[in-house]
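S.K.: Sharing coords.cif (mmCIF, N, CA and C atoms) below.
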data_coords
loop_
_atom_site.label_atom_id
_atom_site.label_comp_id
_atom_site.auth_asym_id
_atom_site.auth_seq_id
_atom_site.Cartn_x
_atom_site.Cartn_y
_atom_site.Cartn_z
N MET A 2 -48.36 -21.66 28.67
CA MET A 2 -47.73 -22.88 28.18
C MET A 2 -46.55 -22.55 27.25
N TYR A 3 -46.71 -21.51 26.46
CA TYR A 3 -45.66 -21.18 25.49
C TYR A 3 -44.87 -19.93 25.87
N GLY A 4 -44.94 -19.56 27.12
CA GLY A 4 -44.21 -18.39 27.56
C GLY A 4 -44.27 -18.24 29.07
N ASP A 5 -43.33 -18.86 29.74
CA ASP A 5 -43.30 -18.75 31.19
C ASP A 5 -42.84 -17.34 31.57
N PRO A 6 -43.12 -16.90 32.79
CA PRO A 6 -42.77 -15.54 33.20
C PRO A 6 -41.29 -15.20 33.04
N ALA A 7 -40.41 -16.14 33.31
CA ALA A 7 -38.96 -15.86 33.17
C ALA A 7 -38.59 -15.60 31.71
N THR A 8 -39.15 -16.36 30.79
CA THR A 8 -38.86 -16.17 29.36
C THR A 8 -39.42 -14.85 28.88
N ILE A 9 -40.63 -14.53 29.29
CA ILE A 9 -41.25 -13.25 28.92
C ILE A 9 -40.39 -12.10 29.43
N ARG A 10 -39.97 -12.16 30.68
CA ARG A 10 -39.15 -11.10 31.27
C ARG A 10 -37.82 -10.97 30.51
N LYS A 11 -37.22 -12.12 30.17
CA LYS A 11 -35.95 -12.10 29.45
C LYS A 11 -36.08 -11.38 28.11
N ILE A 12 -37.11 -11.71 27.36
CA ILE A 12 -37.30 -11.08 26.05
C ILE A 12 -37.55 -9.58 26.21
N LEU A 13 -38.37 -9.21 27.17
CA LEU A 13 -38.76 -7.81 27.31
C LEU A 13 -37.70 -6.93 27.97
N THR A 14 -36.78 -7.54 28.73
CA THR A 14 -35.83 -6.70 29.47
C THR A 14 -34.36 -6.96 29.16
N GLU A 15 -34.02 -8.10 28.56
CA GLU A 15 -32.61 -8.45 28.42
C GLU A 15 -32.11 -8.61 26.99
N LEU A 16 -32.97 -8.92 26.05
CA LEU A 16 -32.49 -9.34 24.73
C LEU A 16 -32.33 -8.22 23.72
N GLY A 17 -32.53 -7.00 24.11
CA GLY A 17 -32.36 -5.89 23.18
C GLY A 17 -33.65 -5.17 22.89
N ASP A 18 -33.50 -3.97 22.36
CA ASP A 18 -34.65 -3.09 22.20
C ASP A 18 -35.09 -2.85 20.77
N THR A 19 -34.53 -3.57 19.80
CA THR A 19 -34.95 -3.41 18.41
C THR A 19 -35.88 -4.56 18.05
N TRP A 20 -37.13 -4.21 17.82
CA TRP A 20 -38.17 -5.19 17.52
C TRP A 20 -38.68 -5.01 16.10
N ALA A 21 -38.62 -6.06 15.30
CA ALA A 21 -39.29 -6.06 14.00
C ALA A 21 -40.70 -6.58 14.23
N VAL A 22 -41.69 -5.82 13.80
CA VAL A 22 -43.08 -6.22 13.98
C VAL A 22 -43.63 -6.61 12.62
N VAL A 23 -43.74 -7.91 12.40
CA VAL A 23 -44.18 -8.44 11.11
C VAL A 23 -45.70 -8.37 11.04
N GLY A 24 -46.18 -7.63 10.04
CA GLY A 24 -47.61 -7.40 9.89
C GLY A 24 -48.01 -5.99 10.28
N LEU A 25 -47.05 -5.15 10.65
CA LEU A 25 -47.33 -3.78 11.08
C LEU A 25 -47.46 -2.85 9.87
N SER A 26 -48.61 -2.18 9.78
CA SER A 26 -48.85 -1.18 8.75
C SER A 26 -49.49 0.03 9.42
N ASN A 27 -49.89 0.99 8.63
CA ASN A 27 -50.55 2.19 9.16
C ASN A 27 -52.04 2.00 9.40
N ASN A 28 -52.53 0.79 9.31
CA ASN A 28 -53.93 0.51 9.59
C ASN A 28 -54.15 0.55 11.11
N GLN A 29 -54.71 1.65 11.58
CA GLN A 29 -54.89 1.86 13.00
C GLN A 29 -55.91 0.92 13.63
N ASP A 30 -56.69 0.23 12.81
CA ASP A 30 -57.67 -0.72 13.34
C ASP A 30 -57.07 -2.09 13.64
N ARG A 31 -55.84 -2.30 13.24
CA ARG A 31 -55.18 -3.59 13.47
C ARG A 31 -54.45 -3.58 14.80
N ALA A 32 -54.44 -4.72 15.45
CA ALA A 32 -53.80 -4.83 16.77
C ALA A 32 -52.32 -4.47 16.71
N ALA A 33 -51.64 -4.81 15.63
CA ALA A 33 -50.21 -4.54 15.52
C ALA A 33 -49.91 -3.06 15.71
N TYR A 34 -50.77 -2.19 15.22
CA TYR A 34 -50.56 -0.75 15.31
C TYR A 34 -50.50 -0.30 16.77
N GLY A 35 -51.48 -0.72 17.56
CA GLY A 35 -51.52 -0.35 18.97
C GLY A 35 -50.43 -0.99 19.79
N VAL A 36 -50.13 -2.25 19.53
CA VAL A 36 -49.08 -2.95 20.26
C VAL A 36 -47.73 -2.29 19.99
N ALA A 37 -47.48 -1.92 18.75
CA ALA A 37 -46.22 -1.24 18.40
C ALA A 37 -46.09 0.07 19.17
N ARG A 38 -47.18 0.80 19.30
CA ARG A 38 -47.16 2.06 20.04
C ARG A 38 -46.80 1.81 21.51
N VAL A 39 -47.38 0.77 22.10
CA VAL A 39 -47.06 0.44 23.50
C VAL A 39 -45.58 0.08 23.63
N LEU A 40 -45.08 -0.74 22.73
CA LEU A 40 -43.66 -1.11 22.78
C LEU A 40 -42.78 0.13 22.70
N GLN A 41 -43.13 1.08 21.85
CA GLN A 41 -42.35 2.32 21.76
C GLN A 41 -42.39 3.09 23.08
N ARG A 42 -43.55 3.16 23.70
CA ARG A 42 -43.66 3.87 24.98
C ARG A 42 -42.76 3.27 26.04
N PHE A 43 -42.46 1.97 25.90
CA PHE A 43 -41.59 1.29 26.85
C PHE A 43 -40.14 1.21 26.35
N GLY A 44 -39.80 2.06 25.39
CA GLY A 44 -38.41 2.20 24.98
C GLY A 44 -37.93 1.28 23.87
N LYS A 45 -38.83 0.56 23.24
CA LYS A 45 -38.43 -0.33 22.15
C LYS A 45 -38.43 0.42 20.82
N ARG A 46 -37.47 0.12 19.98
CA ARG A 46 -37.48 0.61 18.60
C ARG A 46 -38.27 -0.40 17.78
N VAL A 47 -39.31 0.06 17.13
CA VAL A 47 -40.23 -0.82 16.42
C VAL A 47 -40.05 -0.64 14.92
N ILE A 48 -39.66 -1.71 14.24
CA ILE A 48 -39.42 -1.70 12.80
C ILE A 48 -40.59 -2.38 12.10
N PRO A 49 -41.37 -1.64 11.28
CA PRO A 49 -42.48 -2.26 10.57
C PRO A 49 -42.00 -3.21 9.47
N VAL A 50 -42.60 -4.39 9.42
CA VAL A 50 -42.32 -5.34 8.34
C VAL A 50 -43.67 -5.72 7.74
N HIS A 51 -43.87 -5.31 6.50
CA HIS A 51 -45.16 -5.50 5.83
C HIS A 51 -44.90 -5.34 4.33
N PRO A 52 -45.62 -6.06 3.49
CA PRO A 52 -45.41 -5.91 2.04
C PRO A 52 -45.48 -4.47 1.55
N LYS A 53 -46.26 -3.62 2.22
CA LYS A 53 -46.37 -2.21 1.82
C LYS A 53 -45.13 -1.40 2.21
N ALA A 54 -44.33 -1.89 3.14
CA ALA A 54 -43.11 -1.21 3.61
C ALA A 54 -43.38 0.25 3.98
N GLU A 55 -44.45 0.48 4.72
CA GLU A 55 -44.83 1.83 5.12
C GLU A 55 -44.03 2.31 6.34
N THR A 56 -43.86 3.62 6.43
CA THR A 56 -43.34 4.22 7.65
C THR A 56 -44.47 4.23 8.67
N VAL A 57 -44.20 3.68 9.86
CA VAL A 57 -45.22 3.60 10.91
C VAL A 57 -44.59 4.08 12.21
N HIS A 58 -45.30 4.92 12.92
CA HIS A 58 -44.81 5.46 14.20
C HIS A 58 -43.41 6.06 14.04
N GLY A 59 -43.14 6.67 12.88
CA GLY A 59 -41.87 7.33 12.66
C GLY A 59 -40.72 6.46 12.20
N GLU A 60 -40.95 5.16 12.07
CA GLU A 60 -39.89 4.24 11.63
C GLU A 60 -40.17 3.76 10.21
N PRO A 61 -39.16 3.82 9.33
CA PRO A 61 -39.36 3.30 7.97
C PRO A 61 -39.60 1.80 7.98
N GLY A 62 -40.47 1.36 7.08
CA GLY A 62 -40.80 -0.05 7.01
C GLY A 62 -40.02 -0.79 5.95
N TYR A 63 -40.06 -2.10 6.06
CA TYR A 63 -39.38 -3.00 5.12
C TYR A 63 -40.38 -4.07 4.69
N ALA A 64 -40.23 -4.54 3.47
CA ALA A 64 -41.15 -5.54 2.94
C ALA A 64 -40.91 -6.93 3.53
N SER A 65 -39.70 -7.18 4.04
CA SER A 65 -39.39 -8.48 4.63
C SER A 65 -38.29 -8.32 5.68
N LEU A 66 -38.13 -9.32 6.52
CA LEU A 66 -37.06 -9.31 7.51
C LEU A 66 -35.69 -9.25 6.84
N ALA A 67 -35.55 -9.94 5.73
CA ALA A 67 -34.26 -9.99 5.03
C ALA A 67 -33.81 -8.63 4.52
N GLU A 68 -34.73 -7.71 4.32
CA GLU A 68 -34.39 -6.38 3.80
C GLU A 68 -33.90 -5.42 4.88
N ILE A 69 -34.07 -5.75 6.15
CA ILE A 69 -33.65 -4.85 7.22
C ILE A 69 -32.12 -4.86 7.27
N PRO A 70 -31.49 -3.67 7.12
CA PRO A 70 -30.03 -3.63 6.99
C PRO A 70 -29.26 -3.56 8.33
N PHE A 71 -29.91 -3.90 9.41
CA PHE A 71 -29.26 -3.89 10.73
C PHE A 71 -29.85 -5.02 11.56
N LYS A 72 -29.21 -5.31 12.67
CA LYS A 72 -29.64 -6.41 13.53
C LYS A 72 -30.95 -6.10 14.23
N VAL A 73 -31.81 -7.07 14.23
CA VAL A 73 -33.08 -7.00 14.95
C VAL A 73 -32.97 -7.98 16.13
N ASP A 74 -33.36 -7.54 17.31
CA ASP A 74 -33.25 -8.37 18.49
C ASP A 74 -34.42 -9.34 18.64
N VAL A 75 -35.63 -8.83 18.42
CA VAL A 75 -36.85 -9.63 18.61
C VAL A 75 -37.73 -9.46 17.38
N VAL A 76 -38.31 -10.56 16.92
CA VAL A 76 -39.28 -10.53 15.83
C VAL A 76 -40.65 -10.84 16.42
N ASP A 77 -41.54 -9.85 16.35
CA ASP A 77 -42.90 -9.95 16.87
C ASP A 77 -43.82 -10.25 15.69
N VAL A 78 -44.56 -11.35 15.75
CA VAL A 78 -45.26 -11.88 14.57
C VAL A 78 -46.77 -11.70 14.69
N PHE A 79 -47.32 -10.87 13.79
CA PHE A 79 -48.75 -10.59 13.71
C PHE A 79 -49.35 -11.15 12.43
N VAL A 80 -48.96 -12.33 12.03
CA VAL A 80 -49.57 -12.96 10.86
C VAL A 80 -50.31 -14.20 11.35
N ASN A 81 -51.19 -14.74 10.52
CA ASN A 81 -51.94 -15.91 10.98
C ASN A 81 -51.02 -17.12 11.15
N SER A 82 -51.51 -18.08 11.89
CA SER A 82 -50.70 -19.24 12.27
C SER A 82 -50.12 -19.97 11.07
N GLU A 83 -50.85 -20.00 9.95
CA GLU A 83 -50.37 -20.72 8.77
C GLU A 83 -49.12 -20.06 8.17
N LEU A 84 -48.96 -18.76 8.37
CA LEU A 84 -47.82 -18.03 7.81
C LEU A 84 -46.71 -17.79 8.83
N ALA A 85 -46.97 -18.09 10.09
CA ALA A 85 -46.04 -17.75 11.17
C ALA A 85 -44.75 -18.58 11.13
N GLY A 86 -44.84 -19.84 10.78
CA GLY A 86 -43.66 -20.70 10.76
C GLY A 86 -42.55 -20.18 9.86
N PRO A 87 -42.88 -19.84 8.60
CA PRO A 87 -41.85 -19.27 7.74
C PRO A 87 -41.25 -17.97 8.29
N VAL A 88 -42.06 -17.17 8.97
CA VAL A 88 -41.53 -15.93 9.56
C VAL A 88 -40.54 -16.28 10.67
N ALA A 89 -40.85 -17.28 11.48
CA ALA A 89 -39.92 -17.71 12.53
C ALA A 89 -38.61 -18.19 11.91
N ASP A 90 -38.69 -18.93 10.81
CA ASP A 90 -37.48 -19.40 10.12
C ASP A 90 -36.67 -18.21 9.60
N GLN A 91 -37.35 -17.19 9.09
CA GLN A 91 -36.66 -15.99 8.61
C GLN A 91 -35.99 -15.25 9.77
N ALA A 92 -36.63 -15.26 10.94
CA ALA A 92 -36.03 -14.63 12.12
C ALA A 92 -34.74 -15.33 12.51
N VAL A 93 -34.74 -16.65 12.43
CA VAL A 93 -33.52 -17.41 12.71
C VAL A 93 -32.44 -17.01 11.71
N ALA A 94 -32.79 -16.99 10.43
CA ALA A 94 -31.83 -16.64 9.39
C ALA A 94 -31.29 -15.22 9.55
N ALA A 95 -32.12 -14.32 10.07
CA ALA A 95 -31.73 -12.92 10.23
C ALA A 95 -30.87 -12.69 11.47
N GLY A 96 -30.72 -13.70 12.30
CA GLY A 96 -29.89 -13.56 13.49
C GLY A 96 -30.58 -12.94 14.69
N ALA A 97 -31.89 -12.98 14.73
CA ALA A 97 -32.63 -12.44 15.87
C ALA A 97 -32.32 -13.25 17.12
N GLU A 98 -32.55 -12.64 18.26
CA GLU A 98 -32.35 -13.31 19.54
C GLU A 98 -33.62 -14.04 20.00
N ALA A 99 -34.78 -13.51 19.57
CA ALA A 99 -36.05 -14.06 20.06
C ALA A 99 -37.14 -13.87 19.02
N VAL A 100 -38.17 -14.71 19.15
CA VAL A 100 -39.37 -14.61 18.33
C VAL A 100 -40.56 -14.57 19.28
N TRP A 101 -41.53 -13.71 18.98
CA TRP A 101 -42.72 -13.58 19.80
C TRP A 101 -43.92 -13.73 18.88
N PHE A 102 -44.70 -14.80 19.06
CA PHE A 102 -45.95 -14.99 18.31
C PHE A 102 -47.08 -14.39 19.14
N GLN A 103 -47.87 -13.53 18.53
CA GLN A 103 -48.95 -12.83 19.20
C GLN A 103 -50.09 -13.76 19.63
N LEU A 104 -51.02 -13.21 20.38
CA LEU A 104 -52.20 -13.95 20.82
C LEU A 104 -52.88 -14.62 19.62
N GLY A 105 -53.17 -15.89 19.76
CA GLY A 105 -53.84 -16.63 18.71
C GLY A 105 -52.93 -17.16 17.62
N VAL A 106 -51.66 -16.80 17.64
CA VAL A 106 -50.71 -17.29 16.64
C VAL A 106 -49.96 -18.47 17.26
N ILE A 107 -50.28 -19.66 16.74
CA ILE A 107 -49.73 -20.89 17.30
C ILE A 107 -49.23 -21.79 16.18
N ASP A 108 -47.97 -22.20 16.30
CA ASP A 108 -47.38 -23.17 15.39
C ASP A 108 -46.33 -23.94 16.20
N GLU A 109 -46.73 -25.09 16.71
CA GLU A 109 -45.86 -25.85 17.60
C GLU A 109 -44.58 -26.31 16.92
N ASP A 110 -44.65 -26.64 15.63
CA ASP A 110 -43.44 -27.04 14.91
C ASP A 110 -42.47 -25.87 14.80
N ALA A 111 -42.98 -24.69 14.50
CA ALA A 111 -42.12 -23.50 14.42
C ALA A 111 -41.53 -23.18 15.79
N TYR A 112 -42.31 -23.35 16.83
CA TYR A 112 -41.83 -23.13 18.19
C TYR A 112 -40.64 -24.04 18.47
N ALA A 113 -40.79 -25.32 18.14
CA ALA A 113 -39.71 -26.28 18.38
C ALA A 113 -38.48 -25.95 17.53
N ARG A 114 -38.67 -25.65 16.25
CA ARG A 114 -37.54 -25.32 15.37
C ARG A 114 -36.79 -24.08 15.86
N THR A 115 -37.53 -23.08 16.26
CA THR A 115 -36.93 -21.83 16.70
C THR A 115 -36.12 -22.04 17.97
N ARG A 116 -36.68 -22.77 18.91
CA ARG A 116 -35.97 -23.05 20.16
C ARG A 116 -34.74 -23.91 19.89
N GLU A 117 -34.86 -24.91 19.00
CA GLU A 117 -33.72 -25.75 18.66
C GLU A 117 -32.60 -24.94 18.01
N ALA A 118 -32.96 -23.87 17.33
CA ALA A 118 -31.96 -23.00 16.69
C ALA A 118 -31.30 -22.06 17.71
N GLY A 119 -31.75 -22.12 18.95
CA GLY A 119 -31.12 -21.33 20.01
C GLY A 119 -31.80 -20.01 20.33
N LEU A 120 -32.93 -19.73 19.71
CA LEU A 120 -33.63 -18.49 19.99
C LEU A 120 -34.60 -18.68 21.16
N THR A 121 -34.83 -17.61 21.87
CA THR A 121 -35.86 -17.59 22.90
C THR A 121 -37.18 -17.35 22.20
N MET A 122 -38.25 -17.99 22.67
CA MET A 122 -39.53 -17.82 21.97
C MET A 122 -40.70 -17.84 22.94
N VAL A 123 -41.67 -16.99 22.61
CA VAL A 123 -42.96 -16.94 23.30
C VAL A 123 -44.02 -17.06 22.22
N MET A 124 -45.10 -17.77 22.54
CA MET A 124 -46.16 -17.97 21.56
C MET A 124 -47.51 -17.78 22.24
N ASP A 125 -48.45 -17.18 21.50
CA ASP A 125 -49.82 -16.98 21.98
C ASP A 125 -49.88 -16.05 23.20
N ARG A 126 -49.04 -15.01 23.17
CA ARG A 126 -49.02 -13.99 24.23
C ARG A 126 -48.89 -12.62 23.57
N CYS A 127 -49.11 -11.55 24.32
CA CYS A 127 -49.00 -10.21 23.77
C CYS A 127 -48.06 -9.37 24.63
N PRO A 128 -46.99 -8.81 24.04
CA PRO A 128 -46.06 -8.01 24.83
C PRO A 128 -46.69 -6.75 25.40
N ALA A 129 -47.70 -6.22 24.74
CA ALA A 129 -48.36 -5.01 25.25
C ALA A 129 -49.15 -5.30 26.52
N ILE A 130 -49.52 -6.54 26.72
CA ILE A 130 -50.17 -6.95 27.97
C ILE A 130 -49.12 -7.26 29.02
N GLU A 131 -48.02 -7.87 28.61
CA GLU A 131 -46.99 -8.33 29.54
C GLU A 131 -46.06 -7.22 30.03
N ILE A 132 -45.67 -6.30 29.16
CA ILE A 132 -44.64 -5.33 29.52
C ILE A 132 -45.08 -4.36 30.63
N PRO A 133 -46.32 -3.90 30.70
CA PRO A 133 -46.66 -3.01 31.81
C PRO A 133 -46.59 -3.70 33.16
N ALA A 134 -46.75 -5.02 33.18
CA ALA A 134 -46.71 -5.76 34.43
C ALA A 134 -45.29 -5.85 35.00
N LEU A 135 -44.28 -5.59 34.15
CA LEU A 135 -42.90 -5.63 34.63
C LEU A 135 -42.63 -4.37 35.41
#
As a first step, turn the structure in this file into C-alpha coordinates.
M.R.:
Amino acid sequence: MYGDPATIRKILTELGDTWAVVGLSNNQDRAAYGVARVLQRFGKRVIPVHPKAETVHGEPGYASLAEIPFKVDVVDVFVNSELAGPVADQAVAAGAEAVWFQLGVIDEDAYARTREAGLTMVMDRCPAIEIPAL
(Lines of atoms letter the chains of each structure in order from A and count residues from 1; the text may use other names and numbers.)
(Lines give C-alpha, C1' and ligand atoms only; values in the text may rest on other atoms or scores of the structure.)
Protein backbone atom coordinates (compact mmCIF):
# COMPACT_ATOMS: atom_id res chain seq x y z
CA MET A 1 0.00 0.00 0.00
CA TYR A 2 2.82 2.40 0.82
CA GLY A 3 5.33 1.22 -1.73
CA ASP A 4 4.40 -0.06 -5.14
CA PRO A 5 7.04 -2.03 -7.06
CA ALA A 6 7.86 0.88 -9.40
CA THR A 7 8.52 3.25 -6.47
CA ILE A 8 10.63 0.66 -4.66
CA ARG A 9 12.68 0.04 -7.82
CA LYS A 10 13.12 3.78 -8.37
CA ILE A 11 14.49 4.36 -4.88
CA LEU A 12 16.78 1.34 -4.98
CA THR A 13 18.14 1.82 -8.50
CA GLU A 14 17.72 5.43 -9.66
CA LEU A 15 17.81 7.96 -6.83
CA GLY A 16 21.42 7.65 -5.72
CA ASP A 17 23.57 5.48 -3.55
CA THR A 18 24.10 7.54 -0.39
CA TRP A 19 21.72 6.38 2.31
CA ALA A 20 21.43 7.90 5.78
CA VAL A 21 20.18 5.21 8.15
CA VAL A 22 18.49 6.89 11.09
CA GLY A 23 18.74 4.69 14.17
CA LEU A 24 21.89 2.85 13.04
CA SER A 25 24.41 2.10 15.79
CA ASN A 26 26.93 -0.65 16.50
CA ASN A 27 24.29 -2.73 18.27
CA GLN A 28 24.45 -5.88 16.17
CA ASP A 29 21.16 -7.13 17.65
CA ARG A 30 19.20 -4.30 16.03
CA ALA A 31 17.66 -4.71 12.59
CA ALA A 32 19.29 -1.50 11.34
CA TYR A 33 22.74 -3.06 11.69
CA GLY A 34 21.96 -6.01 9.42
CA VAL A 35 19.95 -3.98 6.91
CA ALA A 36 22.81 -1.48 6.58
CA ARG A 37 25.21 -4.35 5.86
CA VAL A 38 22.90 -5.64 3.09
CA LEU A 39 22.64 -2.17 1.57
CA GLN A 40 26.44 -1.92 1.53
CA ARG A 41 26.73 -5.31 -0.20
CA PHE A 42 24.49 -3.89 -2.93
CA GLY A 43 26.71 -0.85 -3.44
CA LYS A 44 25.03 1.71 -1.19
CA ARG A 45 27.04 4.08 1.00
CA VAL A 46 25.42 3.86 4.43
CA ILE A 47 25.72 6.84 6.77
CA PRO A 48 24.83 6.10 10.42
CA VAL A 49 22.56 8.66 12.10
CA HIS A 50 22.19 8.09 15.83
CA PRO A 51 22.64 10.23 18.96
CA LYS A 52 25.83 8.25 19.70
CA ALA A 53 27.29 9.23 16.27
CA GLU A 54 29.24 5.97 16.13
CA THR A 55 31.28 4.70 13.20
CA VAL A 56 29.39 1.70 11.81
CA HIS A 57 30.44 -0.58 8.96
CA GLY A 58 33.40 1.73 8.34
CA GLU A 59 31.36 4.94 7.94
CA PRO A 60 31.52 7.76 10.49
CA GLY A 61 28.22 8.53 12.16
CA TYR A 62 26.35 11.76 12.79
CA ALA A 63 24.01 12.67 15.62
CA SER A 64 21.40 14.10 13.21
CA LEU A 65 20.63 14.46 9.52
CA ALA A 66 21.40 18.18 9.73
CA GLU A 67 25.00 17.42 10.75
CA ILE A 68 25.82 15.43 7.60
CA PRO A 69 28.06 17.74 5.52
CA PHE A 70 27.15 16.26 2.12
CA LYS A 71 24.04 15.34 0.18
CA VAL A 72 22.14 12.24 1.19
CA ASP A 73 19.98 10.61 -1.47
CA VAL A 74 17.74 8.40 0.68
CA VAL A 75 16.86 8.55 4.37
CA ASP A 76 16.08 5.10 5.79
CA VAL A 77 14.16 5.42 9.07
CA PHE A 78 14.54 2.88 11.90
CA VAL A 79 12.78 4.81 14.66
CA ASN A 80 9.34 4.13 16.06
CA SER A 81 6.31 5.56 14.30
CA GLU A 82 5.87 8.35 16.86
CA LEU A 83 9.33 9.74 16.01
CA ALA A 84 9.31 9.02 12.27
CA GLY A 85 7.37 12.10 11.14
CA PRO A 86 9.94 14.61 12.38
CA VAL A 87 12.69 12.53 10.72
CA ALA A 88 10.81 12.68 7.41
CA ASP A 89 10.54 16.47 7.80
CA GLN A 90 14.29 16.65 8.45
CA ALA A 91 14.90 14.58 5.30
CA VAL A 92 12.91 17.13 3.30
CA ALA A 93 14.91 19.97 4.85
CA ALA A 94 18.19 18.15 4.11
CA GLY A 95 17.35 17.87 0.41
CA ALA A 96 17.02 14.09 0.23
CA GLU A 97 15.42 12.53 -2.81
CA ALA A 98 13.52 9.82 -0.92
CA VAL A 99 12.46 8.59 2.49
CA TRP A 100 12.08 4.93 3.41
CA PHE A 101 10.18 3.95 6.59
CA GLN A 102 11.09 0.45 7.73
CA LEU A 103 8.72 -2.42 8.49
CA GLY A 104 6.26 -1.40 11.18
CA VAL A 105 7.06 2.32 10.86
CA ILE A 106 3.86 4.01 9.76
CA ASP A 107 2.89 7.68 9.83
CA GLU A 108 0.33 8.53 7.17
CA ASP A 109 0.57 12.28 7.79
CA ALA A 110 4.35 12.19 7.33
CA TYR A 111 3.88 10.09 4.19
CA ALA A 112 1.53 12.73 2.75
CA ARG A 113 3.78 15.67 3.76
CA THR A 114 6.87 14.03 2.31
CA ARG A 115 5.19 13.22 -0.99
CA GLU A 116 3.71 16.73 -1.19
CA ALA A 117 7.24 18.10 -0.75
CA GLY A 118 8.24 16.18 -3.89
CA LEU A 119 10.14 13.29 -2.34
CA THR A 120 9.62 9.67 -3.25
CA MET A 121 8.56 7.61 -0.24
CA VAL A 122 8.06 4.02 0.83
CA MET A 123 6.58 3.07 4.19
CA ASP A 124 6.33 -0.21 6.12
CA ARG A 125 8.80 -2.04 3.84
CA CYS A 126 12.42 -3.19 4.15
CA PRO A 127 15.05 -2.48 1.49
CA ALA A 128 17.06 -5.53 2.57
CA ILE A 129 14.08 -7.67 1.56
CA GLU A 130 13.36 -5.73 -1.63
CA ILE A 131 16.83 -5.14 -3.09
CA PRO A 132 17.84 -8.80 -3.65
CA ALA A 133 14.65 -9.29 -5.66
CA LEU A 134 15.83 -6.69 -8.18
S.K.: Which residues, named as in the file, does the PyMOL selection byres ((chain A and resi 126) around 6.5) pick out? Answer as a ChimeraX atom specification.
M.R.: /A:102-106,123-125,127-128
S.K.: Could you list the residues chosen by the PyMOL selection byres ((chain A and resi 12-25) around 6.5) in this structure as a PyMOL selection string?
M.R.: chain A and resi 7-11+26-28+33-34+44-51+72-80
S.K.: Which residue out of A:Pro52, A:Gly4, A:Gly86, A:Gly62 has the minimum interatomic distance to Asp108 of chain A when only C-alpha atoms are used?
M.R.: A:Gly86
S.K.: Grab the atom CA of Glu83 of chain A to atom C of Ala99 of chain A distance for me, in Å with one decimal place.
M.R.: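 Distance between the two atoms: 18.1 Å.
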S.K.: Can you work out the spacing between atom CA of Lys53 of chain A and atom CA of Val93 of chain A in Å, to one decimal?
M.R.: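 Atom CA of Val93 of chain A lies at a distance of 22.7 Å from atom CA of Lys53 of chain A.
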S.K.: Distance atom CA of Ala85 of chain A-atom CA of Pro133 of chain A, one decimal place?
M.R.: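 If I compute the distance from atom CA of Ala85 of chain A to atom CA of Pro133 of chain A, I get 25.4 Å.
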S.K.: Looking at only N, CA and C atoms, which of A:Val36, A:Ala89, A:Pro6, A:Ala111 is the one that sits closest to Ile130 of chain A?
M.R.: A:Val36
S.K.: Return the single residue from A:Tyr63, A:Tyr3, A:Phe71, A:Phe43 that is closest to Ala113 of chain A, with distances computed using only C-alpha atoms.
M.R.: A:Tyr3
S.K.: Compare A:Leu40, A:Ile132, A:Val88, A:Leu66 by their minimum atom-to-atom distance to Tyr112 of chain A, counting only C-alpha atoms, and give me the closest one.
M.R.: A:Val88
